[in-house]
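Participant: The structure file final_36.cif (mmCIF, C-alpha atoms) is provided below.
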```cif
data_input
loop_
_atom_site.label_atom_id
_atom_site.label_comp_id
_atom_site.auth_asym_id
_atom_site.auth_seq_id
_atom_site.Cartn_x
_atom_site.Cartn_y
_atom_site.Cartn_z
CA MET K 33 -18.85 27.30 -18.60
CA ASN K 34 -15.64 25.24 -18.72
CA GLU K 35 -13.63 28.43 -18.64
CA LEU K 36 -15.41 29.68 -15.54
CA ILE K 37 -14.76 26.41 -13.69
CA GLY K 38 -11.13 26.53 -14.84
CA LEU K 39 -10.72 30.06 -13.50
CA ILE K 40 -12.15 28.95 -10.14
CA PHE K 41 -9.62 26.08 -10.00
CA ILE K 42 -6.79 28.47 -10.88
CA SER K 43 -7.70 30.98 -8.18
CA LEU K 44 -7.95 28.18 -5.58
CA GLY K 45 -4.50 26.99 -6.61
CA LEU K 46 -3.08 30.51 -6.36
CA ALA K 47 -4.37 30.89 -2.79
CA PHE K 48 -2.85 27.54 -1.75
CA ASP K 49 0.48 28.43 -3.39
CA VAL K 50 0.74 31.71 -1.50
CA PHE K 51 -0.11 30.02 1.82
CA GLY K 52 2.52 27.34 1.16
CA CYS K 53 5.25 29.90 0.50
CA LEU K 54 4.17 31.86 3.57
CA GLY K 55 4.60 28.66 5.57
CA LEU K 56 8.07 28.28 4.12
CA VAL K 57 8.96 31.66 5.61
CA ARG K 58 7.14 31.49 8.94
CA LEU K 59 7.54 27.98 10.37
CA PRO K 60 10.49 27.24 12.67
CA ASP K 61 12.43 24.18 11.41
CA VAL K 62 13.14 22.11 8.29
CA TYR K 63 10.55 19.39 8.86
CA ASN K 64 7.66 21.78 9.51
CA ARG K 65 8.62 23.88 6.51
CA LEU K 66 8.73 20.74 4.38
CA GLN K 67 5.23 19.76 5.51
CA ALA K 68 3.57 23.08 4.78
CA ALA K 69 5.42 23.75 1.56
CA THR K 70 5.06 20.29 0.04
CA LYS K 71 1.36 19.88 0.73
CA CYS K 72 0.16 23.34 -0.20
CA VAL K 73 2.37 23.96 -3.20
CA THR K 74 1.83 20.50 -4.71
CA LEU K 75 -1.94 20.61 -4.57
CA GLY K 76 -1.96 24.30 -5.57
CA THR K 77 0.11 23.75 -8.69
CA ALA K 78 -1.82 20.58 -9.58
CA SER K 79 -5.04 22.56 -9.40
CA ILE K 80 -3.58 25.34 -11.59
CA LEU K 81 -2.63 22.72 -14.18
CA PHE K 82 -6.10 21.16 -14.03
CA GLY K 83 -7.64 24.60 -14.56
CA THR K 84 -5.37 25.04 -17.56
CA PHE K 85 -6.65 21.73 -18.95
CA LEU K 86 -10.26 22.84 -18.48
CA ILE K 87 -9.70 26.16 -20.24
CA VAL K 88 -7.60 24.86 -23.13
CA GLY K 89 -9.64 21.69 -23.72
CA PHE K 90 -8.55 18.48 -25.48
CA THR K 91 -5.62 19.96 -27.39
CA ALA K 92 -1.86 19.46 -27.27
CA ALA K 93 -1.47 21.83 -24.32
CA GLY K 94 -4.34 20.19 -22.46
CA PHE K 95 -2.83 16.69 -22.59
CA LYS K 96 0.55 18.05 -21.58
CA ALA K 97 -1.06 19.74 -18.57
CA ILE K 98 -2.67 16.45 -17.48
CA LEU K 99 0.64 14.56 -17.83
CA CYS K 100 2.47 17.24 -15.87
CA MET K 101 -0.15 17.09 -13.09
CA LEU K 102 0.11 13.31 -12.73
CA PHE K 103 3.88 13.51 -12.68
CA LEU K 104 3.86 16.21 -10.01
CA LEU K 105 1.42 14.31 -7.77
CA LEU K 106 3.56 11.17 -8.02
CA THR K 107 7.01 12.66 -7.49
CA SER K 108 6.61 15.52 -5.05
CA PRO K 109 5.98 13.33 -1.93
CA VAL K 110 8.99 11.20 -2.86
CA ALA K 111 11.21 14.27 -3.04
CA ALA K 112 9.91 15.48 0.34
CA HIS K 113 10.59 12.07 1.87
CA ALA K 114 14.15 12.05 0.50
CA ILE K 115 14.90 15.54 1.85
CA ALA K 116 13.49 14.73 5.31
CA ARG K 117 15.56 11.55 5.54
CA GLY K 118 18.72 13.26 4.34
CA ALA K 119 18.26 16.17 6.75
CA HIS K 120 17.73 13.86 9.72
CA ARG K 121 20.76 11.73 8.86
CA SER K 122 23.00 14.75 8.35
CA GLY K 123 22.16 15.88 11.89
CA VAL K 124 19.67 18.73 11.50
CA LYS K 125 17.99 19.13 14.90
CA LEU K 126 14.26 19.31 15.47
CA TRP K 127 12.75 22.54 16.83
CA GLU K 128 13.49 22.93 20.56
CA LYS K 129 9.80 22.79 21.54
CA SER K 130 9.25 19.46 19.76
CA VAL K 131 7.57 16.79 21.82
CA ILE K 132 9.23 13.52 20.88
CA ASP K 133 11.77 12.01 18.48
CA ARG K 134 11.33 8.24 18.13
CA TYR K 135 13.59 8.02 15.08
CA LYS K 136 16.63 9.34 16.96
CA GLU K 137 15.94 7.04 19.92
CA ASP K 138 15.80 3.99 17.69
CA LYS K 139 18.92 4.87 15.77
CA GLU K 140 20.90 5.41 18.98
CA GLY K 141 19.60 2.12 20.32
CA GLU K 142 20.95 0.27 17.29
CA ALA K 143 24.36 1.93 17.25
CA MET J 36 8.50 -10.65 -21.69
CA LYS J 37 5.17 -9.68 -20.14
CA ARG J 38 6.84 -6.96 -18.10
CA LYS J 39 8.40 -5.41 -21.17
CA ALA J 40 5.06 -5.45 -23.02
CA VAL J 41 3.38 -3.55 -20.15
CA LEU J 42 6.09 -0.90 -20.10
CA PHE J 43 5.96 -0.65 -23.91
CA LEU J 44 2.23 0.15 -23.78
CA VAL J 45 2.66 2.78 -21.06
CA ALA J 46 5.57 4.48 -22.83
CA PHE J 47 3.73 4.49 -26.16
CA VAL J 48 0.60 6.11 -24.67
CA VAL J 49 2.70 8.81 -22.98
CA TRP J 50 4.52 9.47 -26.25
CA CYS J 51 1.20 9.83 -28.12
CA LEU J 52 -0.14 12.26 -25.54
CA LEU J 53 3.03 14.35 -25.74
CA ASN J 54 2.82 14.51 -29.56
CA TRP J 55 -0.87 15.29 -29.91
CA PRO J 56 -2.40 15.26 -32.59
CA PRO J 57 -0.86 11.97 -33.80
CA ASP J 58 0.33 11.42 -37.37
CA TRP J 59 2.13 8.42 -38.81
CA GLN J 60 5.67 9.82 -38.53
CA HIS J 61 5.28 10.49 -34.82
CA LEU J 62 3.69 7.07 -34.30
CA LEU J 63 6.56 5.31 -36.07
CA ALA J 64 9.20 7.16 -34.05
CA GLY J 65 7.18 6.43 -30.90
CA VAL J 66 7.22 2.67 -31.58
CA PHE J 67 11.01 2.70 -31.75
CA VAL J 68 11.49 4.89 -28.67
CA ALA J 69 9.02 2.90 -26.58
CA ALA J 70 10.61 -0.38 -27.64
CA PHE J 71 14.04 0.93 -26.65
CA CYS J 72 12.73 2.07 -23.23
CA ALA J 73 11.01 -1.27 -22.65
CA PHE J 74 14.12 -3.20 -23.65
CA MET J 75 16.38 -1.20 -21.32
CA THR J 76 14.29 -0.76 -18.16
CA GLY J 77 11.41 -3.23 -18.43
CA ASP J 78 12.48 -5.38 -15.52
CA LEU J 79 12.70 -2.45 -13.08
CA PHE J 80 9.31 -0.91 -13.73
CA VAL J 81 6.85 -3.80 -13.35
CA THR J 82 7.85 -6.56 -10.96
CA ARG J 83 4.63 -8.59 -10.79
CA PRO J 84 2.77 -8.43 -14.13
CA HIS J 85 0.09 -10.95 -13.14
CA MET J 86 -1.31 -8.37 -10.69
CA LEU J 87 -2.43 -6.10 -13.53
CA LYS J 88 -5.14 -8.46 -14.79
CA HIS J 89 -7.80 -8.17 -12.11
CA PRO J 90 -10.46 -5.56 -12.93
CA LEU J 91 -11.60 -5.35 -9.32
CA ARG J 92 -8.32 -3.72 -8.32
CA TYR J 93 -8.80 -0.94 -10.84
CA TRP J 94 -12.34 -0.46 -9.58
CA HIS J 95 -11.11 -0.06 -6.00
CA PHE J 96 -8.32 2.27 -7.11
CA LEU J 97 -10.58 4.58 -9.09
CA PHE J 98 -13.67 4.73 -6.91
CA SER J 99 -12.44 3.97 -3.44
CA TYR J 100 -8.87 5.27 -3.18
CA LEU J 101 -8.85 8.37 -5.37
CA PRO J 102 -11.89 10.20 -3.87
CA ARG J 103 -10.58 9.45 -0.36
CA PHE J 104 -7.15 10.73 -1.33
CA PHE J 105 -8.35 14.01 -2.81
CA TRP J 106 -10.72 14.69 0.08
CA GLU J 107 -7.92 14.18 2.63
CA CYS J 108 -5.61 16.31 0.49
CA LEU J 109 -8.06 19.21 0.50
CA LYS J 110 -8.51 18.91 4.27
CA ALA J 111 -4.72 18.92 4.68
CA ASN J 112 -4.37 22.12 2.71
CA VAL J 113 -7.05 23.99 4.64
CA ASP J 114 -5.49 22.78 7.90
CA VAL J 115 -1.99 23.94 6.96
CA ALA J 116 -3.29 27.28 5.69
CA TRP J 117 -5.08 27.85 9.01
CA ARG J 118 -1.96 27.02 11.01
CA VAL J 119 0.28 29.26 8.91
CA ALA J 120 -2.03 32.27 9.00
CA HIS J 121 -2.63 32.05 12.77
CA PRO J 122 -0.58 34.69 14.63
CA ARG J 123 0.61 32.28 17.36
CA LEU J 124 1.61 29.30 15.16
CA PRO J 125 -0.37 26.51 16.91
CA ILE J 126 2.08 23.66 16.21
CA ASN J 127 3.26 20.82 18.44
CA PRO J 128 5.69 18.80 16.31
CA GLY J 129 7.43 15.48 16.84
CA ILE J 130 8.44 12.21 15.17
CA VAL J 131 6.33 9.16 16.03
CA LYS J 132 6.56 5.53 15.01
CA ILE J 133 3.70 3.62 13.38
CA LYS J 134 3.39 -0.03 12.47
CA THR J 135 2.03 -1.37 9.21
CA SER J 136 1.19 -4.85 7.97
CA LEU J 137 1.63 -4.14 4.26
CA LYS J 138 4.50 -6.04 2.66
CA THR J 139 4.99 -5.23 -1.03
CA ASP J 140 7.04 -2.31 -2.31
CA THR J 141 4.27 -0.66 -4.32
CA ALA J 142 1.82 -0.73 -1.43
CA LEU J 143 4.40 0.74 0.96
CA THR J 144 5.26 3.51 -1.51
CA PHE J 145 1.61 4.42 -1.95
CA LEU J 146 1.06 4.35 1.81
CA ALA J 147 4.02 6.67 2.36
CA ASN J 148 2.86 9.06 -0.36
CA SER J 149 -0.69 9.13 1.03
CA ILE J 150 0.63 9.82 4.52
CA THR J 151 2.76 12.67 3.19
CA LEU J 152 -0.15 14.38 1.47
CA THR J 153 -2.70 13.99 4.29
CA PRO J 154 -3.26 16.36 7.24
CA GLY J 155 -0.23 17.12 9.37
CA THR J 156 1.96 14.10 8.65
CA LEU J 157 5.18 13.47 6.68
CA THR J 158 6.99 10.15 6.26
CA VAL J 159 10.65 10.38 7.30
CA ASP J 160 11.90 6.80 6.95
CA ILE J 161 10.66 3.27 6.24
CA ASP J 162 12.04 0.12 7.85
CA LYS J 163 10.74 -2.58 5.58
CA ASP J 164 11.91 -5.63 7.57
CA LYS J 165 10.18 -4.60 10.79
CA GLY J 166 7.21 -2.99 9.03
CA VAL J 167 7.75 0.36 10.74
CA LEU J 168 7.24 3.87 9.42
CA TYR J 169 8.68 6.96 11.11
CA VAL J 170 6.28 9.87 10.69
CA HIS J 171 6.81 13.55 11.44
CA TRP J 172 3.55 14.88 12.88
CA ILE J 173 2.92 18.62 13.09
CA ASP J 174 0.44 18.29 15.97
CA VAL J 175 1.23 15.24 18.11
CA LYS J 176 -1.99 13.91 19.64
CA ASP J 177 -0.64 10.64 21.03
CA LYS J 178 2.92 9.42 21.58
CA ASP J 179 1.93 5.75 21.80
CA THR J 180 2.66 3.61 18.72
CA LYS J 181 -0.68 1.79 18.57
CA LYS J 182 -2.88 4.84 18.91
CA ALA J 183 -0.81 6.81 16.43
CA THR J 184 -1.20 3.95 13.96
CA GLN J 185 -4.94 4.03 14.46
CA ILE J 186 -5.16 7.77 13.87
CA ILE J 187 -2.77 8.06 10.92
CA ALA J 188 -2.60 4.89 8.86
CA GLU J 189 -5.81 2.92 9.19
CA ARG J 190 -7.87 4.97 6.77
CA PHE J 191 -5.59 3.99 3.89
CA GLU J 192 -4.34 0.56 4.90
CA LYS J 193 -7.64 -1.24 4.35
CA ILE J 194 -8.12 0.20 0.86
CA LEU J 195 -4.49 -0.32 -0.17
CA ARG J 196 -4.54 -3.95 0.95
CA LYS J 197 -7.47 -4.59 -1.38
CA ILE J 198 -5.67 -2.95 -4.28
CA PHE J 199 -2.09 -4.11 -4.07
CA GLU J 200 -1.99 -7.44 -2.23
CA MET S 19 5.25 38.41 27.69
CA LYS S 20 7.42 40.94 25.90
CA ASN S 21 8.38 38.31 23.34
CA GLU S 22 4.71 37.55 22.72
CA GLY S 23 4.00 41.21 22.02
CA LYS S 24 6.88 41.38 19.57
CA LYS S 25 5.55 38.35 17.70
CA ILE S 26 2.06 39.87 17.39
CA ILE S 27 3.53 43.12 16.09
CA ARG S 28 5.60 41.27 13.49
CA TRP S 29 2.55 39.27 12.40
CA LEU S 30 0.52 42.47 12.02
CA ALA S 31 3.27 44.11 9.97
CA GLY S 32 3.54 41.10 7.67
CA ALA S 33 -0.24 40.84 7.23
CA VAL S 34 -0.57 44.55 6.46
CA SER S 35 2.23 44.51 3.88
CA LEU S 36 0.87 41.38 2.16
CA THR S 37 -2.64 42.82 2.04
CA ALA S 38 -1.31 46.11 0.66
CA PHE S 39 0.56 44.22 -2.09
CA LEU S 40 -2.51 42.17 -3.02
CA VAL S 41 -4.78 45.25 -3.10
CA LEU S 42 -2.24 47.07 -5.26
CA ILE S 43 -2.19 44.19 -7.73
CA VAL S 44 -5.99 43.88 -7.84
CA ILE S 45 -6.69 47.58 -8.27
CA ARG S 46 -3.94 48.46 -10.69
CA PRO S 47 -1.97 45.80 -12.58
CA LEU S 48 1.69 46.56 -13.05
CA PRO S 49 2.94 47.32 -16.57
CA PHE S 50 2.60 44.35 -18.92
CA LEU S 51 5.25 42.38 -20.77
CA PHE S 52 3.07 39.86 -22.55
CA TYR S 53 0.89 39.68 -25.63
CA GLN S 54 -2.28 41.68 -25.06
CA GLY S 55 -5.68 41.04 -26.50
CA LEU S 56 -6.53 37.52 -25.38
CA PRO S 57 -9.51 36.87 -23.08
CA HIS S 58 -8.99 36.72 -19.28
CA LEU S 59 -5.81 38.70 -19.59
CA GLY S 60 -6.87 40.88 -16.66
CA PHE S 61 -7.32 38.02 -14.22
CA LEU S 62 -4.44 35.87 -15.45
CA GLY S 63 -2.05 38.82 -15.54
CA ARG S 64 -2.76 39.39 -11.86
CA ALA S 65 -2.32 35.66 -11.27
CA LEU S 66 1.20 35.90 -12.70
CA TYR S 67 2.12 38.58 -10.18
CA ILE S 68 0.69 36.58 -7.26
CA LEU S 69 2.83 33.59 -8.33
CA LEU S 70 5.86 35.88 -8.53
CA LEU S 71 5.15 36.98 -4.94
CA GLY S 72 5.33 33.32 -3.87
CA CYS S 73 8.60 32.89 -5.76
CA PHE S 74 10.10 35.85 -3.92
CA LEU S 75 9.07 34.38 -0.55
CA ALA S 76 10.90 31.17 -1.53
CA LEU S 77 13.95 33.22 -2.58
CA TYR S 78 13.97 34.85 0.87
CA ARG S 79 14.23 31.38 2.43
CA ILE S 80 17.06 30.45 0.04
CA ALA S 81 19.00 33.55 1.07
CA ARG S 82 18.35 33.34 4.82
CA GLY S 83 18.14 29.56 5.44
CA PRO S 84 20.23 28.60 8.46
CA THR S 85 21.10 25.09 7.18
CA GLY S 86 21.61 23.51 3.80
CA ALA S 87 18.42 21.46 4.06
CA ASP S 88 16.32 24.64 4.26
CA ARG S 89 17.83 25.87 1.02
CA ILE S 90 17.17 22.57 -0.72
CA VAL S 91 13.51 22.63 0.35
CA ALA S 92 13.15 26.18 -0.96
CA ILE S 93 14.77 25.28 -4.30
CA ASP S 94 12.38 22.34 -4.72
CA ILE S 95 9.38 24.56 -4.00
CA LEU S 96 10.67 27.23 -6.39
CA GLY S 97 10.81 24.64 -9.17
CA ILE S 98 7.20 23.58 -8.60
CA MET S 99 6.06 27.23 -8.57
CA ILE S 100 7.77 27.79 -11.91
CA VAL S 101 5.78 24.88 -13.40
CA GLY S 102 2.61 26.71 -12.34
CA LEU S 103 3.95 29.92 -13.89
CA CYS S 104 4.50 28.07 -17.19
CA ALA S 105 0.90 26.79 -17.10
CA VAL S 106 -0.50 30.32 -16.66
CA LEU S 107 1.76 31.61 -19.45
CA THR S 108 0.37 28.90 -21.74
CA ILE S 109 -3.12 30.33 -21.38
CA THR S 110 -2.16 34.00 -21.70
CA THR S 111 0.00 33.58 -24.80
CA GLY S 112 -1.75 30.57 -26.37
CA ARG S 113 1.53 28.78 -27.10
CA SER S 114 1.72 25.17 -26.03
CA TRP S 115 5.50 24.87 -25.81
CA TYR S 116 5.49 26.68 -22.49
CA LEU S 117 4.10 23.45 -21.03
CA ASP S 118 7.01 21.53 -22.61
CA ILE S 119 9.28 23.76 -20.54
CA GLY S 120 7.10 23.00 -17.52
CA ILE S 121 7.36 19.21 -17.91
CA ALA S 122 11.11 19.36 -18.46
CA TRP S 123 11.53 21.63 -15.44
CA ALA S 124 9.50 19.31 -13.20
CA LEU S 125 11.58 16.27 -14.24
CA GLN S 126 14.89 18.04 -13.79
CA SER S 127 13.87 19.58 -10.46
CA PHE S 128 12.83 16.18 -9.08
CA ILE S 129 16.10 14.53 -10.05
CA SER S 130 18.25 17.37 -8.74
CA THR S 131 16.35 17.30 -5.43
CA LEU S 132 17.07 13.58 -5.08
CA ALA S 133 20.75 14.21 -5.82
CA PHE S 134 20.95 17.01 -3.24
CA SER S 135 19.35 14.88 -0.56
CA LYS S 136 21.80 12.04 -1.28
CA TYR S 137 24.59 14.59 -0.84
CA LEU S 138 23.16 15.66 2.54
CA GLU S 139 22.91 12.05 3.69
CA GLY S 140 26.49 11.26 2.73
CA ARG S 141 27.93 14.27 4.50
CA GLY S 142 26.64 13.03 7.85
CA PHE S 143 28.51 9.77 7.50
CA ASP S 144 31.82 11.40 6.60
CA GLU S 145 32.07 13.64 9.62
#
```
Just give me the structure of the file as structure tokens.

Facilitator:
Amino acid sequence: MNELIGLIFISLGLAFDVFGCLGLVRLPDVYNRLQAATKCVTLGTASILFGTFLIVGFTAAGFKAILCMLFLLLTSPVAAHAIARGAHRSGVKLWEKSVIDRYKEDKEGEA
Amino acid sequence: MKRKAVLFLVAFVVWCLLNWPPDWQHLLAGVFVAAFCAFMTGDLFVTRPHMLKHPLRYWHFLFSYLPRFFWECLKANVDVAWRVAHPRLPINPGIVKIKTSLKTDTALTFLANSITLTPGTLTVDIDKDKGVLYVHWIDVKDKDTKKATQIIAERFEKILRKIFE
Amino acid sequence: MKNEGKKIIRWLAGAVSLTAFLVLIVIRPLPFLFYQGLPHLGFLGRALYILLLGCFLALYRIARGPTGADRIVAIDILGIMIVGLCAVLTITTGRSWYLDIGIAWALQSFISTLAFSKYLEGRGFDE
């Protein structure tokens, strides 16, 4: 029974991973790509690791999978935040159809 | 001293989980490694050790924050998958500004991480002195600061204030 | 109007090729490199190829990316995908040290991403 639930988690994670990478190819600028890729790939891989834990059980590999999942859920948003900030400060433009850019307005107001 | 004890416990538990099943050699090596880690970086990891004593905070974290977080996360994934697979790419991106009343570092970090993993939003920068977050939104519904705050941040702010402040 | 038509045609082409790849994998798994004889090998072997498809999409973005930030995003995502690949390999081969590789890769990928983004930030101030 555990194995069946684990396989369901793994297939869900696979679907999310593929959609995330598709978003990386299709969307128009850095920030949108970051959104799609970070969300989908993080939750997809976390769910693959959780499925691994369910299949393997309480063994060495199972505990390592749980640790890896926690680590991924904690660090991946931080990495995305750092890349977005660095890209904006180094002058990467938003997509030309974007609606508004409050961050740029505020930074120009201060300078 | 309290801070270093907390970090020692955390490091020792992680070491035990990495070296499962435990035997006495691994445990002995783990005591030394965890003590070294706690001695070197104890002051950076935990800044307010008296906050860790209240059981009510753990209760809120486990049964109020985590289910909310995973539900929003799942919604975010389905939303992004729908937008990516649509042939016309229905996106309407922009960077908006939202205000927050949270003050401590941990609470702000958790708020930023929750915003990043929930539907359509990504934190770009935090201005801690003014209490302002700049958020990239894939489908801008309102350019006004107050309404954007209501839509994006309010679901998490109430819960996080109970946990971290 | 013409542009719109072009977009729809490109979307159709991409969807058809992806579906053809997935159907090919499901019907007939490609030749195998791993230890055979464990349970679920059929499903998990196909899972490996689907993850490899995602990795190739990320590699396309690394090769084509117009700015440096695009490449850094793609490298970060590639690292996370490889952690998933290690998890699936753990089940198919039954060896737990693949997950050690996964944990180490996740740590190293996180730190290198932070370093790259610091580099991006500094370049803006120099120019």

Participant: From the list S:Met99, S:Ile119, S:Ala92, S:Leu40, which residue is nearest S:Thr131 when using all atoms listed in the file?

Facilitator: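 Ranking S:Met99, S:Ile119, S:Ala92, S:Leu40 by distance to S:Thr131, first place goes to S:Ala92.
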
Participant: Show me, as a list in words, every residue of chain J with an atom at most 12 Å from chain S, counting all atoms listed in the file.

Facilitator: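 Applying the cut-off to the listed atoms yields Leu53, Asn54, Trp55, Val119, Ala120, His121, Pro122, Arg123 and Leu124 of chain J.
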
Participant: Give me, please, the distance in Å between atom CA of J:Cys51 and atom CA of J:Met36, quoted to one decimal.

Facilitator: 22.7 Å

Participant: Quick one: pull the distance between atom CA of J:Trp106 and atom CA of J:Glu192, Å, one decimal.

Facilitator: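 Going from atom CA of J:Trp106 over to atom CA of J:Glu192 covers 16.2 Å.
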
Participant: Using all atoms listed in the file, find each residue in chain S having at least one atom no more than 8 Å away from chain K; report its shortest atom-to-atom pair and that distance in Å (one decimal), rows by chain then rising number, as JSON lines.

Facilitator:
```
{"residue": "S:Ala65", "atom": "CA", "partner": "K:Leu46", "partner_atom": "CA", "distance": 7.2}
{"residue": "S:Ile68", "atom": "CA", "partner": "K:Leu46", "partner_atom": "CA", "distance": 7.2}
{"residue": "S:Leu69", "atom": "CA", "partner": "K:Leu46", "partner_atom": "CA", "distance": 6.9}
{"residue": "S:Leu71", "atom": "CA", "partner": "K:Val50", "partner_atom": "CA", "distance": 7.7}
{"residue": "S:Gly72", "atom": "CA", "partner": "K:Val50", "partner_atom": "CA", "distance": 5.4}
{"residue": "S:Cys73", "atom": "CA", "partner": "K:Cys53", "partner_atom": "CA", "distance": 7.7}
{"residue": "S:Leu75", "atom": "CA", "partner": "K:Cys53", "partner_atom": "CA", "distance": 6.0}
{"residue": "S:Ala76", "atom": "CA", "partner": "K:Cys53", "partner_atom": "CA", "distance": 6.1}
{"residue": "S:Tyr78", "atom": "CA", "partner": "K:Val57", "partner_atom": "CA", "distance": 7.6}
{"residue": "S:Arg79", "atom": "CA", "partner": "K:Val57", "partner_atom": "CA", "distance": 6.2}
{"residue": "S:Thr85", "atom": "CA", "partner": "K:Val124", "partner_atom": "CA", "distance": 7.8}
{"residue": "S:Ala87", "atom": "CA", "partner": "K:Ala119", "partner_atom": "CA", "distance": 5.9}
{"residue": "S:Asp88", "atom": "CA", "partner": "K:Val62", "partner_atom": "CA", "distance": 5.7}
{"residue": "S:Ile90", "atom": "CA", "partner": "K:Ile115", "partner_atom": "CA", "distance": 7.8}
{"residue": "S:Val91", "atom": "CA", "partner": "K:Leu66", "partner_atom": "CA", "distance": 6.5}
{"residue": "S:Ala92", "atom": "CA", "partner": "K:Leu56", "partner_atom": "CA", "distance": 7.5}
{"residue": "S:Ile95", "atom": "CA", "partner": "K:Ala69", "partner_atom": "CA", "distance": 6.9}
{"residue": "S:Ile98", "atom": "CA", "partner": "K:Thr77", "partner_atom": "CA", "distance": 7.1}
{"residue": "S:Met99", "atom": "CA", "partner": "K:Thr77", "partner_atom": "CA", "distance": 6.9}
{"residue": "S:Val101", "atom": "CA", "partner": "K:Thr77", "partner_atom": "CA", "distance": 7.5}
{"residue": "S:Gly102", "atom": "CA", "partner": "K:Thr77", "partner_atom": "CA", "distance": 5.3}
{"residue": "S:Ala105", "atom": "CA", "partner": "K:Leu81", "partner_atom": "CA", "distance": 6.1}
{"residue": "S:Val106", "atom": "CA", "partner": "K:Thr84", "partner_atom": "CA", "distance": 7.2}
{"residue": "S:Thr108", "atom": "CA", "partner": "K:Ala93", "partner_atom": "CA", "distance": 7.7}
{"residue": "S:Ile109", "atom": "CA", "partner": "K:Thr84", "partner_atom": "CA", "distance": 6.9}
{"residue": "S:Ser114", "atom": "CA", "partner": "K:Ala93", "partner_atom": "CA", "distance": 4.9}
{"residue": "S:Trp115", "atom": "CA", "partner": "K:Ala93", "partner_atom": "CA", "distance": 7.7}
{"residue": "S:Leu117", "atom": "CA", "partner": "K:Lys96", "partner_atom": "CA", "distance": 6.5}
{"residue": "S:Asp118", "atom": "CA", "partner": "K:Lys96", "partner_atom": "CA", "distance": 7.4}
{"residue": "S:Gly120", "atom": "CA", "partner": "K:Cys100", "partner_atom": "CA", "distance": 7.6}
{"residue": "S:Ile121", "atom": "CA", "partner": "K:Cys100", "partner_atom": "CA", "distance": 5.7}
{"residue": "S:Ala124", "atom": "CA", "partner": "K:Leu104", "partner_atom": "CA", "distance": 7.2}
{"residue": "S:Phe128", "atom": "CA", "partner": "K:Ala111", "partner_atom": "CA", "distance": 6.5}
{"residue": "S:Thr131", "atom": "CA", "partner": "K:Ala111", "partner_atom": "CA", "distance": 6.4}
{"residue": "S:Leu132", "atom": "CA", "partner": "K:Ala111", "partner_atom": "CA", "distance": 6.2}
{"residue": "S:Ser135", "atom": "CA", "partner": "K:Ile115", "partner_atom": "CA", "distance": 5.1}
{"residue": "S:Lys136", "atom": "CA", "partner": "K:Gly118", "partner_atom": "CA", "distance": 6.5}
{"residue": "S:Tyr137", "atom": "CA", "partner": "K:Gly118", "partner_atom": "CA", "distance": 7.9}
{"residue": "S:Leu138", "atom": "CA", "partner": "K:Gly118", "partner_atom": "CA", "distance": 5.4}
{"residue": "S:Glu139", "atom": "CA", "partner": "K:Gly118", "partner_atom": "CA", "distance": 4.4}
{"residue": "S:Gly140", "atom": "CA", "partner": "K:Ser122", "partner_atom": "CA", "distance": 7.5}
{"residue": "S:Arg141", "atom": "CA", "partner": "K:Ser122", "partner_atom": "CA", "distance": 6.3}
{"residue": "S:Gly142", "atom": "CA", "partner": "K:Ser122", "partner_atom": "CA", "distance": 4.1}
{"residue": "S:Phe143", "atom": "CA", "partner": "K:Ser122", "partner_atom": "CA", "distance": 7.5}
```

Participant: For the structure provided, state which residues fall under the PyMOL selection byres ((chain J) within 7 of (chain K)), and present them as a VMD selection string.

Facilitator: chain J and resid 52 to 53 55 to 56 112 115 to 116 119 127 to 132 148 151 to 152 157 to 160 169 173
